[in-house]
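Undergrad: Data file entry.txt (compact mmCIF, C-alpha atoms) is appended below.
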```txt
# COMPACT_ATOMS: atom_id res chain seq x y z
CA MET A 1 6.14 13.61 -9.49
CA ASP A 2 6.44 13.89 -5.72
CA PRO A 3 4.23 11.21 -4.05
CA LYS A 4 3.34 13.68 -1.32
CA HIS A 5 1.96 16.06 -3.93
CA LEU A 6 -0.34 13.32 -5.25
CA MET A 7 -1.59 12.79 -1.68
CA TYR A 8 -2.28 16.51 -1.40
CA LEU A 9 -4.27 16.45 -4.64
CA ALA A 10 -6.38 13.56 -3.35
CA VAL A 11 -7.17 15.48 -0.16
CA ILE A 12 -8.12 18.62 -2.11
CA LEU A 13 -10.58 16.67 -4.25
CA ASP A 14 -11.96 14.72 -1.29
CA LYS A 15 -12.40 17.85 0.86
CA GLY A 16 -13.83 19.88 -2.00
CA SER A 17 -11.57 22.91 -1.78
CA ILE A 18 -7.98 24.02 -1.31
CA THR A 19 -9.04 25.93 1.81
CA ALA A 20 -10.50 22.84 3.48
CA ALA A 21 -7.52 20.73 2.42
CA SER A 22 -5.14 23.35 3.82
CA LYS A 23 -6.78 23.11 7.25
CA HIS A 24 -6.82 19.31 7.14
CA LEU A 25 -3.20 18.98 6.04
CA HIS A 26 -1.88 21.90 8.11
CA VAL A 27 -0.22 23.20 4.94
CA ALA A 28 -0.49 26.86 3.93
CA GLN A 29 -2.98 27.54 1.15
CA PRO A 30 -0.43 29.34 -1.09
CA THR A 31 1.85 26.31 -0.76
CA LEU A 32 -0.92 23.97 -1.91
CA THR A 33 -1.71 26.27 -4.81
CA ARG A 34 1.95 26.17 -5.94
CA ILE A 35 2.02 22.38 -5.58
CA ILE A 36 -1.05 21.99 -7.80
CA ALA A 37 0.46 24.36 -10.37
CA THR A 38 3.59 22.18 -10.42
CA LEU A 39 1.51 18.99 -10.80
CA GLU A 40 -0.48 20.51 -13.65
CA MET A 41 2.72 21.52 -15.39
CA GLN A 42 4.05 17.97 -15.01
CA ALA A 43 0.78 16.42 -16.19
CA GLY A 44 0.39 18.87 -19.03
CA THR A 45 -3.26 19.51 -18.25
CA GLN A 46 -5.65 20.96 -15.70
CA LEU A 47 -6.36 18.67 -12.74
CA PHE A 48 -9.57 20.25 -11.47
CA THR A 49 -11.93 23.14 -12.07
CA ARG A 50 -13.16 25.64 -9.49
CA SER A 51 -16.67 26.97 -8.94
CA ARG A 52 -18.66 28.44 -6.07
CA PHE A 53 -19.61 24.87 -5.18
CA GLY A 54 -15.98 23.81 -4.77
CA VAL A 55 -13.49 21.94 -6.94
CA GLN A 56 -14.40 19.33 -9.56
CA SER A 57 -11.76 16.91 -10.79
CA THR A 58 -10.89 16.48 -14.44
CA SER A 59 -10.32 12.97 -15.78
CA MET A 60 -6.53 13.30 -15.33
CA GLY A 61 -7.02 14.82 -11.89
CA GLU A 62 -9.04 11.80 -10.79
CA VAL A 63 -6.43 9.40 -12.16
CA LEU A 64 -3.66 11.11 -10.19
CA ALA A 65 -5.84 11.47 -7.10
CA ARG A 66 -6.48 7.72 -7.17
CA GLU A 67 -2.73 7.18 -7.02
CA GLY A 68 -2.54 9.66 -4.15
CA ARG A 69 -5.20 7.75 -2.22
CA ALA A 70 -3.27 4.52 -2.78
CA ILE A 71 -0.15 6.17 -1.36
CA GLN A 72 -2.18 7.35 1.65
CA ARG A 73 -3.42 3.81 2.28
CA ASN A 74 0.09 2.40 2.04
CA MET A 75 1.35 5.03 4.47
CA GLU A 76 -1.43 4.13 6.92
CA ILE A 77 -0.53 0.45 6.62
CA ALA A 78 3.14 1.24 7.22
CA ARG A 79 2.35 3.34 10.30
CA GLU A 80 0.12 0.57 11.63
CA GLN A 81 2.86 -2.01 11.12
CA VAL A 82 5.37 0.17 12.99
CA SER A 83 2.91 0.68 15.85
CA ARG A 84 2.27 -3.03 16.14
CA PHE A 85 6.00 -3.77 16.10
CA GLN A 86 6.58 -1.26 18.88
CA LEU A 87 3.82 -2.93 20.91
CA GLY A 88 5.44 -6.33 20.41
CA LEU A 89 2.74 -7.61 18.05
CA ARG A 90 4.76 -9.32 15.35
CA GLU A 91 2.15 -11.52 13.67
CA GLN A 92 -0.91 -10.08 11.95
CA LEU A 93 -3.59 -11.30 9.56
CA ARG A 94 -5.79 -8.72 7.84
CA ILE A 95 -9.16 -10.37 7.25
CA ALA A 96 -12.35 -9.33 5.48
CA THR A 97 -15.51 -11.26 6.26
CA GLY A 98 -19.13 -10.90 5.25
CA PRO A 99 -21.64 -9.31 7.65
CA LEU A 100 -23.63 -12.53 8.15
CA ILE A 101 -20.56 -14.79 8.27
CA GLY A 102 -19.25 -12.48 10.98
CA ILE A 103 -22.15 -13.22 13.34
CA GLY A 104 -21.88 -16.96 13.92
CA LEU A 105 -18.85 -18.30 12.08
CA THR A 106 -16.08 -15.72 12.49
CA PRO A 107 -16.29 -15.47 16.32
CA GLU A 108 -15.68 -19.20 16.68
CA ILE A 109 -12.70 -19.00 14.32
CA ILE A 110 -11.34 -16.09 16.36
CA ARG A 111 -11.75 -18.01 19.62
CA ARG A 112 -9.82 -21.04 18.39
CA VAL A 113 -7.07 -19.03 16.68
CA SER A 114 -6.62 -16.95 19.84
CA ILE A 115 -6.07 -20.10 21.87
CA GLU A 116 -3.68 -21.72 19.41
CA LYS A 117 -1.85 -18.57 18.25
CA PRO A 118 -2.07 -16.08 21.15
CA ARG A 119 0.49 -13.71 19.61
CA THR A 120 -1.33 -13.45 16.30
CA VAL A 121 -3.31 -10.25 15.81
CA LEU A 122 -6.48 -10.67 13.75
CA ASN A 123 -7.41 -7.38 12.08
CA ILE A 124 -10.99 -8.07 10.96
CA THR A 125 -13.27 -5.89 8.84
CA SER A 126 -16.88 -6.58 7.91
CA GLU A 127 -17.22 -5.98 4.17
CA SER A 128 -19.48 -6.75 1.26
CA PRO A 129 -17.99 -9.40 -1.07
CA ALA A 130 -17.23 -6.77 -3.71
CA ALA A 131 -15.41 -4.52 -1.22
CA ALA A 132 -13.52 -7.49 0.25
CA TRP A 133 -12.43 -8.49 -3.25
CA ASP A 134 -11.17 -5.00 -3.99
CA GLY A 135 -9.34 -5.01 -0.66
CA LEU A 136 -7.52 -8.22 -1.57
CA LEU A 137 -6.43 -6.78 -4.90
CA ASP A 138 -5.38 -3.48 -3.29
CA ASP A 139 -3.34 -5.26 -0.57
CA ARG A 140 -5.61 -4.02 2.22
CA TYR A 141 -6.46 -7.60 3.21
CA ASP A 142 -4.53 -10.86 3.36
CA ILE A 143 -7.62 -13.07 3.65
CA ALA A 144 -11.28 -12.81 2.69
CA ILE A 145 -14.08 -15.20 3.67
CA MET A 146 -16.79 -14.77 1.08
CA PRO A 147 -18.52 -16.24 -1.98
CA ALA A 148 -16.98 -15.79 -5.42
CA PRO A 149 -17.85 -12.23 -6.52
CA ASN A 150 -17.07 -12.98 -10.18
CA ASN A 151 -15.31 -15.47 -12.43
CA GLN A 152 -11.92 -13.80 -12.10
CA ARG A 153 -8.94 -15.68 -10.69
CA PRO A 154 -6.23 -12.99 -10.66
CA ALA A 155 -2.58 -13.84 -10.27
CA GLY A 156 -1.39 -13.84 -6.67
CA ILE A 157 -4.79 -14.79 -5.18
CA GLN A 158 -5.77 -18.34 -4.21
CA ARG A 159 -8.91 -19.84 -2.73
CA ARG A 160 -10.05 -22.86 -0.75
CA LEU A 161 -13.63 -24.12 -0.64
CA LEU A 162 -14.96 -23.78 2.90
CA ALA A 163 -18.52 -24.99 2.34
CA ASP A 164 -21.17 -25.48 -0.28
CA ASP A 165 -24.10 -23.20 0.44
CA TYR A 166 -27.31 -21.89 -1.13
CA ILE A 167 -29.67 -18.96 -0.76
CA GLY A 168 -33.27 -19.25 0.39
CA ILE A 169 -36.21 -17.20 1.64
CA TYR A 170 -36.31 -16.60 5.41
CA CYS A 171 -38.46 -14.91 8.03
CA GLY A 172 -38.74 -14.69 11.79
CA GLU A 173 -40.58 -17.31 13.84
CA GLN A 174 -43.49 -14.91 14.45
CA HIS A 175 -44.10 -14.07 10.79
CA PRO A 176 -47.56 -15.07 9.49
CA LEU A 177 -45.96 -17.23 6.78
CA ALA A 178 -43.68 -19.14 9.17
CA GLY A 179 -44.49 -22.85 9.13
CA ARG A 180 -47.07 -22.62 6.37
CA SER A 181 -46.88 -25.13 3.51
CA ASP A 182 -49.46 -23.45 1.27
CA ILE A 183 -47.60 -20.20 0.55
CA SER A 184 -48.54 -18.66 -2.79
CA ILE A 185 -46.97 -16.15 -5.13
CA ARG A 186 -49.54 -13.64 -3.91
CA ASP A 187 -48.38 -14.16 -0.29
CA TYR A 188 -44.77 -13.43 -1.24
CA GLU A 189 -45.67 -10.39 -3.33
CA ALA A 190 -47.88 -8.97 -0.56
CA ALA A 191 -45.10 -9.28 2.04
CA ASP A 192 -42.56 -6.65 3.09
CA TRP A 193 -38.91 -7.54 2.46
CA LEU A 194 -35.47 -6.72 3.85
CA SER A 195 -32.21 -6.56 1.91
CA LEU A 196 -28.58 -6.67 3.02
CA GLY A 197 -27.64 -4.25 0.25
CA MET A 198 -25.01 -6.49 -1.27
CA SER A 199 -23.29 -6.04 -4.61
CA ALA A 200 -24.81 -6.64 -8.03
CA PRO A 201 -23.86 -10.33 -8.54
CA PHE A 202 -25.64 -11.37 -5.33
CA VAL A 203 -28.66 -9.19 -5.99
CA ARG A 204 -28.99 -10.97 -9.34
CA GLU A 205 -28.92 -14.33 -7.57
CA ALA A 206 -31.75 -13.25 -5.26
CA VAL A 207 -33.78 -12.02 -8.22
CA GLU A 208 -33.15 -15.31 -10.02
CA LEU A 209 -34.42 -17.28 -7.03
CA LEU A 210 -37.59 -15.22 -6.79
CA THR A 211 -38.39 -15.12 -10.49
CA ALA A 212 -37.87 -18.89 -10.76
CA GLY A 213 -40.82 -19.22 -8.37
CA GLY A 214 -42.91 -16.72 -10.33
CA ILE A 215 -42.42 -13.88 -7.84
CA LYS A 216 -42.14 -10.72 -9.93
CA ASN A 217 -42.90 -7.88 -7.55
CA VAL A 218 -41.03 -7.62 -4.24
CA ARG A 219 -41.66 -4.75 -1.85
CA THR A 220 -38.27 -4.08 -0.28
CA LYS A 221 -38.95 -1.84 2.69
CA VAL A 222 -35.55 -1.70 4.42
CA VAL A 223 -32.01 -2.00 3.04
CA PHE A 224 -29.19 -2.52 5.52
CA LYS A 225 -25.84 -1.32 4.31
CA ASN A 226 -23.70 -4.30 5.17
CA ASP A 227 -25.03 -4.76 8.72
CA GLY A 228 -26.06 -8.35 9.31
CA VAL A 229 -26.86 -7.88 13.01
CA MET A 230 -29.52 -5.22 12.43
CA LEU A 231 -30.98 -7.21 9.55
CA LEU A 232 -31.35 -10.43 11.56
CA LYS A 233 -32.72 -8.62 14.60
CA THR A 234 -35.29 -6.89 12.39
CA LEU A 235 -36.10 -10.13 10.57
CA SER A 236 -36.71 -11.87 13.91
CA GLN A 237 -39.49 -9.38 14.73
CA GLY A 238 -41.70 -11.27 12.27
CA MET A 239 -42.69 -8.45 9.93
CA HIS A 240 -40.45 -9.08 6.91
CA LEU A 241 -38.98 -11.66 4.55
CA ALA A 242 -35.44 -11.77 3.15
CA VAL A 243 -33.38 -13.76 0.65
CA LEU A 244 -30.27 -14.88 2.54
CA PRO A 245 -27.55 -17.56 2.50
CA ASN A 246 -28.32 -20.66 4.55
CA LEU A 247 -25.08 -21.54 6.37
CA PRO A 248 -24.51 -18.16 8.10
CA LEU A 249 -28.08 -18.36 9.44
CA VAL A 250 -27.47 -21.88 10.74
CA ALA A 251 -24.33 -20.62 12.49
CA ALA A 252 -26.22 -17.64 13.95
CA ARG A 253 -29.13 -19.66 15.38
CA ASP A 254 -28.01 -19.03 18.97
CA PHE A 255 -28.10 -15.31 18.21
CA VAL A 256 -31.47 -15.18 16.46
CA ARG A 257 -33.97 -17.75 15.20
CA THR A 258 -35.12 -17.70 11.59
CA VAL A 259 -37.42 -19.91 9.54
CA GLU A 260 -36.73 -21.03 5.97
CA LEU A 261 -39.87 -20.78 3.86
CA LYS A 262 -41.05 -23.27 1.28
CA PRO A 263 -39.74 -22.35 -2.19
CA LEU A 264 -42.13 -22.08 -5.10
CA SER A 265 -39.81 -23.88 -7.50
CA GLU A 266 -37.17 -26.59 -7.41
CA THR A 267 -34.50 -24.14 -8.55
CA VAL A 268 -31.55 -24.06 -6.15
CA ILE A 269 -29.22 -21.08 -6.26
CA SER A 270 -25.89 -22.26 -4.91
CA ARG A 271 -23.47 -19.86 -3.24
CA PRO A 272 -20.28 -21.68 -2.17
CA LEU A 273 -18.17 -19.98 0.48
CA TYR A 274 -14.42 -19.68 -0.01
CA LEU A 275 -11.32 -18.71 1.88
CA TRP A 276 -9.45 -16.32 -0.41
CA PHE A 277 -5.85 -15.42 0.38
CA LYS A 278 -2.70 -13.91 -1.04
CA ASP A 279 0.06 -16.20 -2.33
CA GLU A 280 2.77 -14.78 -0.12
CA ILE A 281 1.08 -15.70 3.17
CA GLN A 282 0.21 -19.33 2.42
CA HIS A 283 3.25 -20.76 4.25
CA GLN A 284 3.15 -18.40 7.24
CA PRO A 285 2.47 -20.38 10.44
CA GLU A 286 -0.31 -18.02 11.54
CA PHE A 287 -2.10 -18.42 8.21
CA VAL A 288 -1.67 -22.20 8.17
CA ALA A 289 -3.35 -22.33 11.58
CA PHE A 290 -6.08 -19.91 10.54
CA GLU A 291 -6.87 -21.88 7.37
CA ARG A 292 -7.10 -25.19 9.22
CA ILE A 293 -9.30 -23.75 11.95
CA ALA A 294 -11.58 -22.01 9.43
CA MET A 295 -12.03 -25.30 7.57
CA GLU A 296 -12.85 -27.10 10.83
CA VAL A 297 -15.43 -24.50 11.88
CA PHE A 298 -17.19 -24.43 8.52
CA ASN A 299 -17.23 -28.23 8.34
CA GLU A 300 -18.78 -28.47 11.79
CA PHE A 301 -21.58 -26.01 11.04
CA SER A 302 -22.19 -27.58 7.60
CA ALA A 303 -22.56 -31.01 9.22
CA GLY A 304 -24.77 -29.71 12.03
```
Output the file's structure as structure tokens, nothing else.
TA:
Amino acid sequence: MDPKHLMYLAVILDKGSITAASKHLHVAQPTLTRIIATLEMQAGTQLFTRSRFGVQSTSMGEVLAREGRAIQRNMEIAREQVSRFQLGLREQLRIATGPLIGIGLTPEIIRRVSIEKPRTVLNITSESPAAAWDGLLDDRYDIAIMPAPNNQRPAGIQRRLLADDYIGIYCGEQHPLAGRSDISIRDYEAADWLSLGMSAPFVREAVELLTAGGIKNVRTKVVFKNDGVMLLKTLSQGMHLAVLPNLPLVAARDFVRTVELKPLSETVISRPLYLWFKDEIQHQPEFVAFERIAMEVFNEFSAG
């Protein structure tokens, strides 16, 4: 199969029609139709169905389209590498970091790395832990700063403990519950809550923390899709509560002030933070510097 044809299939399914894909790819519609006919002959089955609502992939069509999307990503990475080489940027680290970690911790790491390694380009993306994990496995990232999303330790990926951390219940300084020591289950259940919209493992941890204290009904009023800045700014207005990790809030205290509320049980839900990285970069000078600086920054905030 021609890799380009798999890319074309992915675009057709993503755009919803051959006509839309033809305009996007600047490839004549009859040419795309012939390419799909060739792919279907090679696959031995239909790759998508057509209706007045557009195209719908078959199971085999989705499998091949996934490969086409992977080829597209690799082509984008290759073009980016060429562009950076032409600009004289030889050293690059592709980093995924959580939305809260990115507020107080990541900027300080960036500052120190920029001073020590001025030619190193830090390509940073704010991601949920699940998306960052997938990016490591798909070779979209070299490094991820995040908790452990699962119990997997796949070949080719290593990790270093950056800090022990835990999750707690937080609010803004103006919230009616801030500073109170007599908070009841009824107070928590009557409050409005915010959520960062993270992946299932971390939602389960939050639920575990709440249910351990007897809190069964939580009114989540706003869910932020992976945007820690908006969440903290909204939390600081004093109208909501949120279950959040402690260390990123400590690091972000110059950005926004939050108050940790008294828990209703002695249950502590730990959430250690790790530096995850690919085997092949561990001896690169830019990574060695990045790892050391990240450890220093996390140690300083953990101690403070």
Undergrad: Residues at most 7 Å from A:Arg271, counting only C-alpha atoms, excluding those fewer than 5 positions away in the same chain, as a PyMOL selection string?
TA: chain A and resi 147+164-167
Undergrad: Between A:Leu275, A:Ala251, A:Met1, A:Leu13, which one has atoms that come closest to A:Leu39, using only C-alpha atoms?
TA: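 Looking only at the distances to A:Leu39, the closest residue turns out to be A:Met1.
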Undergrad: Nearest to A:Gln284 among A:Glu91, A:Val121, A:Ala96, A:Phe202, with distances taken over only C-alpha atoms: which residue is it?
TA: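 Residue with the minimum atom-to-atom distance to A:Gln284: A:Glu91.
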Undergrad: Do you have the atom CA of A:Gly172-atom CA of A:Val259 distance handy?
TA: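 Computed distance, atom CA of A:Gly172 to atom CA of A:Val259, equals 5.8 Å.
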Undergrad: Looking at only C-alpha atoms, which of A:Leu93, A:Ile103, A:Leu9, A:Ile143 is the one that sits closest to A:Val63?
TA: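 The answer is A:Leu9, which sits nearest to A:Val63.
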Undergrad: Rounded to one decimal place, report the atom CA of A:Gly104-atom CA of A:Val203 distance in Å.
TA: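 Atom CA of A:Gly104 sits 22.4 Å away from atom CA of A:Val203.
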Undergrad: Applying 8 Å and only C-alpha atoms, which residues near stretch 175-189 of chain A remain after dropping the ones on its own chain fewer than 2 positions away? List them as number ranges by chain.
TA: A: 171-173, 191, 213-219, 237-240, 259-262, 264
Undergrad: Check the smallest atom-to-atom distance from each of A:Gln56, A:Thr220, A:Asn299, A:Ser22 to A:Leu162 using all atoms listed in the file, then report the winner.
TA: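 Comparing A:Gln56, A:Thr220, A:Asn299, A:Ser22 against A:Leu162, the winner is A:Asn299.
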Undergrad: Name the residues, using the chain letters and numbers of the file, that sit within 12 Å of (-11.8, -18.4, 14.8) when counting only C-alpha atoms, and give them as a PyMOL selection string.
TA: chain A and resi 95+97+101-118+120-122+124+145+286-287+289-298
Undergrad: So which residues touch stretch 40-54 of chain A within 12 Å, counting only C-alpha atoms, skipping near sequence neighbours fewer than 3 positions away, as number ranges by chain?
TA: A: 1-2, 5-6, 9-10, 12-21, 33-37, 57-65
Undergrad: Between atom CA of A:Ala163 and atom CA of A:Val250, what is the spacing in Å?
TA: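 Straight-line distance from atom CA of A:Val250 to atom CA of A:Ala163 works out to 12.7 Å.
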Undergrad: List the spatial neighbours of A:Phe224 as a ChimeraX atom specification - criterion: any atom at most 10 Å away, only C-alpha atoms, same-chain residues fewer than 4 positions off excluded.
TA: /A:194-198,228-231
Undergrad: Which residue, A:Ile281, A:Trp193, A:Asp142, A:Leu100, has the smallest gap to A:Phe255 when you use all atoms listed in the file?
TA: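 Among the listed residues, the smallest separation from A:Phe255 belongs to A:Leu100.
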Undergrad: Mind working out the centre and edge lengths of an axis-aligned box for stretch 248-264 of chain A, all listed atoms inside, 8 Å added to each side, rounded to one decimal in Å and written as AutoDock Vina command-line options?
TA:
```
--center_x -33.2 --center_y -19.2 --center_z 6.9 --size_x 33.8 --size_y 24.1 --size_z 40.1
```
Undergrad: Would you mind writing stretch 255-266 of chain A with all heavy atoms, as an mmCIF file, in the coordinates of the input?
TA:
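Written output follows (part.cif):
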```
data_model
loop_
_atom_site.group_PDB
_atom_site.id
_atom_site.type_symbol
_atom_site.label_atom_id
_atom_site.label_comp_id
_atom_site.auth_asym_id
_atom_site.auth_seq_id
_atom_site.Cartn_x
_atom_site.Cartn_y
_atom_site.Cartn_z
ATOM 1 N N PHE A 255 -27.962 -16.764 18.141
ATOM 2 C CA PHE A 255 -28.100 -15.310 18.210
ATOM 3 C C PHE A 255 -29.531 -14.898 17.889
ATOM 4 O O PHE A 255 -30.116 -14.038 18.560
ATOM 5 C CB PHE A 255 -27.118 -14.655 17.235
ATOM 6 C CG PHE A 255 -27.270 -13.173 17.086
ATOM 7 C CD1 PHE A 255 -26.818 -12.314 18.077
ATOM 8 C CD2 PHE A 255 -27.872 -12.631 15.967
ATOM 9 C CE1 PHE A 255 -26.962 -10.944 17.943
ATOM 10 C CE2 PHE A 255 -28.012 -11.262 15.817
ATOM 11 C CZ PHE A 255 -27.558 -10.420 16.812
ATOM 12 N N VAL A 256 -30.113 -15.502 16.858
ATOM 13 C CA VAL A 256 -31.470 -15.180 16.460
ATOM 14 C C VAL A 256 -32.041 -16.370 15.679
ATOM 15 O O VAL A 256 -31.318 -17.047 14.946
ATOM 16 C CB VAL A 256 -31.510 -13.892 15.598
ATOM 17 C CG1 VAL A 256 -30.797 -14.082 14.270
ATOM 18 C CG2 VAL A 256 -32.942 -13.432 15.357
ATOM 19 N N ARG A 257 -33.318 -16.623 15.863
ATOM 20 C CA ARG A 257 -33.970 -17.750 15.200
ATOM 21 C C ARG A 257 -34.675 -17.273 13.930
ATOM 22 O O ARG A 257 -35.403 -16.269 13.953
ATOM 23 C CB ARG A 257 -35.000 -18.388 16.132
ATOM 24 C CG ARG A 257 -34.386 -19.049 17.361
ATOM 25 C CD ARG A 257 -33.752 -20.364 16.985
ATOM 26 N NE ARG A 257 -33.154 -21.025 18.146
ATOM 27 C CZ ARG A 257 -32.667 -22.256 18.118
ATOM 28 N NH1 ARG A 257 -32.720 -22.951 17.001
ATOM 29 N NH2 ARG A 257 -32.123 -22.783 19.188
ATOM 30 N N THR A 258 -34.456 -17.994 12.853
ATOM 31 C CA THR A 258 -35.120 -17.700 11.590
ATOM 32 C C THR A 258 -35.778 -18.977 11.062
ATOM 33 O O THR A 258 -35.436 -20.087 11.472
ATOM 34 C CB THR A 258 -34.138 -17.164 10.538
ATOM 35 O OG1 THR A 258 -33.059 -18.102 10.367
ATOM 36 C CG2 THR A 258 -33.570 -15.820 10.967
ATOM 37 N N VAL A 259 -36.695 -18.796 10.140
ATOM 38 C CA VAL A 259 -37.420 -19.910 9.540
ATOM 39 C C VAL A 259 -37.236 -19.846 8.032
ATOM 40 O O VAL A 259 -37.440 -18.785 7.415
ATOM 41 C CB VAL A 259 -38.925 -19.847 9.882
ATOM 42 C CG1 VAL A 259 -39.691 -20.960 9.174
ATOM 43 C CG2 VAL A 259 -39.128 -19.924 11.393
ATOM 44 N N GLU A 260 -36.845 -20.964 7.430
ATOM 45 C CA GLU A 260 -36.730 -21.030 5.970
ATOM 46 C C GLU A 260 -38.095 -21.382 5.392
ATOM 47 O O GLU A 260 -38.724 -22.365 5.803
ATOM 48 C CB GLU A 260 -35.694 -22.054 5.546
ATOM 49 C CG GLU A 260 -35.489 -22.086 4.029
ATOM 50 C CD GLU A 260 -34.381 -23.023 3.588
ATOM 51 O OE1 GLU A 260 -33.810 -23.714 4.463
ATOM 52 O OE2 GLU A 260 -34.094 -23.060 2.370
ATOM 53 N N LEU A 261 -38.550 -20.576 4.447
ATOM 54 C CA LEU A 261 -39.870 -20.780 3.860
ATOM 55 C C LEU A 261 -39.812 -21.716 2.662
ATOM 56 O O LEU A 261 -38.780 -21.835 1.997
ATOM 57 C CB LEU A 261 -40.468 -19.432 3.449
ATOM 58 C CG LEU A 261 -40.674 -18.433 4.593
ATOM 59 C CD1 LEU A 261 -41.268 -17.145 4.064
ATOM 60 C CD2 LEU A 261 -41.572 -19.027 5.685
ATOM 61 N N LYS A 262 -40.937 -22.324 2.384
ATOM 62 C CA LYS A 262 -41.050 -23.270 1.280
ATOM 63 C C LYS A 262 -40.859 -22.548 -0.049
ATOM 64 O O LYS A 262 -41.570 -21.586 -0.341
ATOM 65 C CB LYS A 262 -42.413 -23.947 1.314
ATOM 66 C CG LYS A 262 -42.634 -25.004 0.242
ATOM 67 C CD LYS A 262 -44.006 -25.628 0.410
ATOM 68 C CE LYS A 262 -44.242 -26.708 -0.649
ATOM 69 N NZ LYS A 262 -44.292 -26.138 -2.002
ATOM 70 N N PRO A 263 -39.923 -22.991 -0.877
ATOM 71 C CA PRO A 263 -39.740 -22.350 -2.190
ATOM 72 C C PRO A 263 -40.880 -22.697 -3.131
ATOM 73 O O PRO A 263 -41.571 -23.705 -2.956
ATOM 74 C CB PRO A 263 -38.411 -22.935 -2.681
ATOM 75 C CG PRO A 263 -38.330 -24.273 -2.013
ATOM 76 C CD PRO A 263 -38.982 -24.097 -0.657
ATOM 77 N N LEU A 264 -41.069 -21.852 -4.132
ATOM 78 C CA LEU A 264 -42.130 -22.080 -5.100
ATOM 79 C C LEU A 264 -41.639 -22.811 -6.335
ATOM 80 O O LEU A 264 -42.412 -23.072 -7.255
ATOM 81 C CB LEU A 264 -42.769 -20.742 -5.505
ATOM 82 C CG LEU A 264 -43.529 -20.026 -4.387
ATOM 83 C CD1 LEU A 264 -44.066 -18.706 -4.871
ATOM 84 C CD2 LEU A 264 -44.651 -20.902 -3.848
ATOM 85 N N SER A 265 -40.349 -23.104 -6.375
ATOM 86 C CA SER A 265 -39.810 -23.880 -7.500
ATOM 87 C C SER A 265 -38.697 -24.769 -6.970
ATOM 88 O O SER A 265 -38.275 -24.644 -5.826
ATOM 89 C CB SER A 265 -39.279 -22.958 -8.599
ATOM 90 O OG SER A 265 -37.998 -22.470 -8.271
ATOM 91 N N GLU A 266 -38.250 -25.688 -7.803
ATOM 92 C CA GLU A 266 -37.170 -26.590 -7.410
ATOM 93 C C GLU A 266 -35.792 -26.012 -7.731
ATOM 94 O O GLU A 266 -34.780 -26.669 -7.530
ATOM 95 C CB GLU A 266 -37.345 -27.937 -8.116
ATOM 96 C CG GLU A 266 -38.622 -28.666 -7.699
ATOM 97 C CD GLU A 266 -38.749 -30.018 -8.369
ATOM 98 O OE1 GLU A 266 -37.875 -30.344 -9.213
ATOM 99 O OE2 GLU A 266 -39.711 -30.750 -8.065
#
```
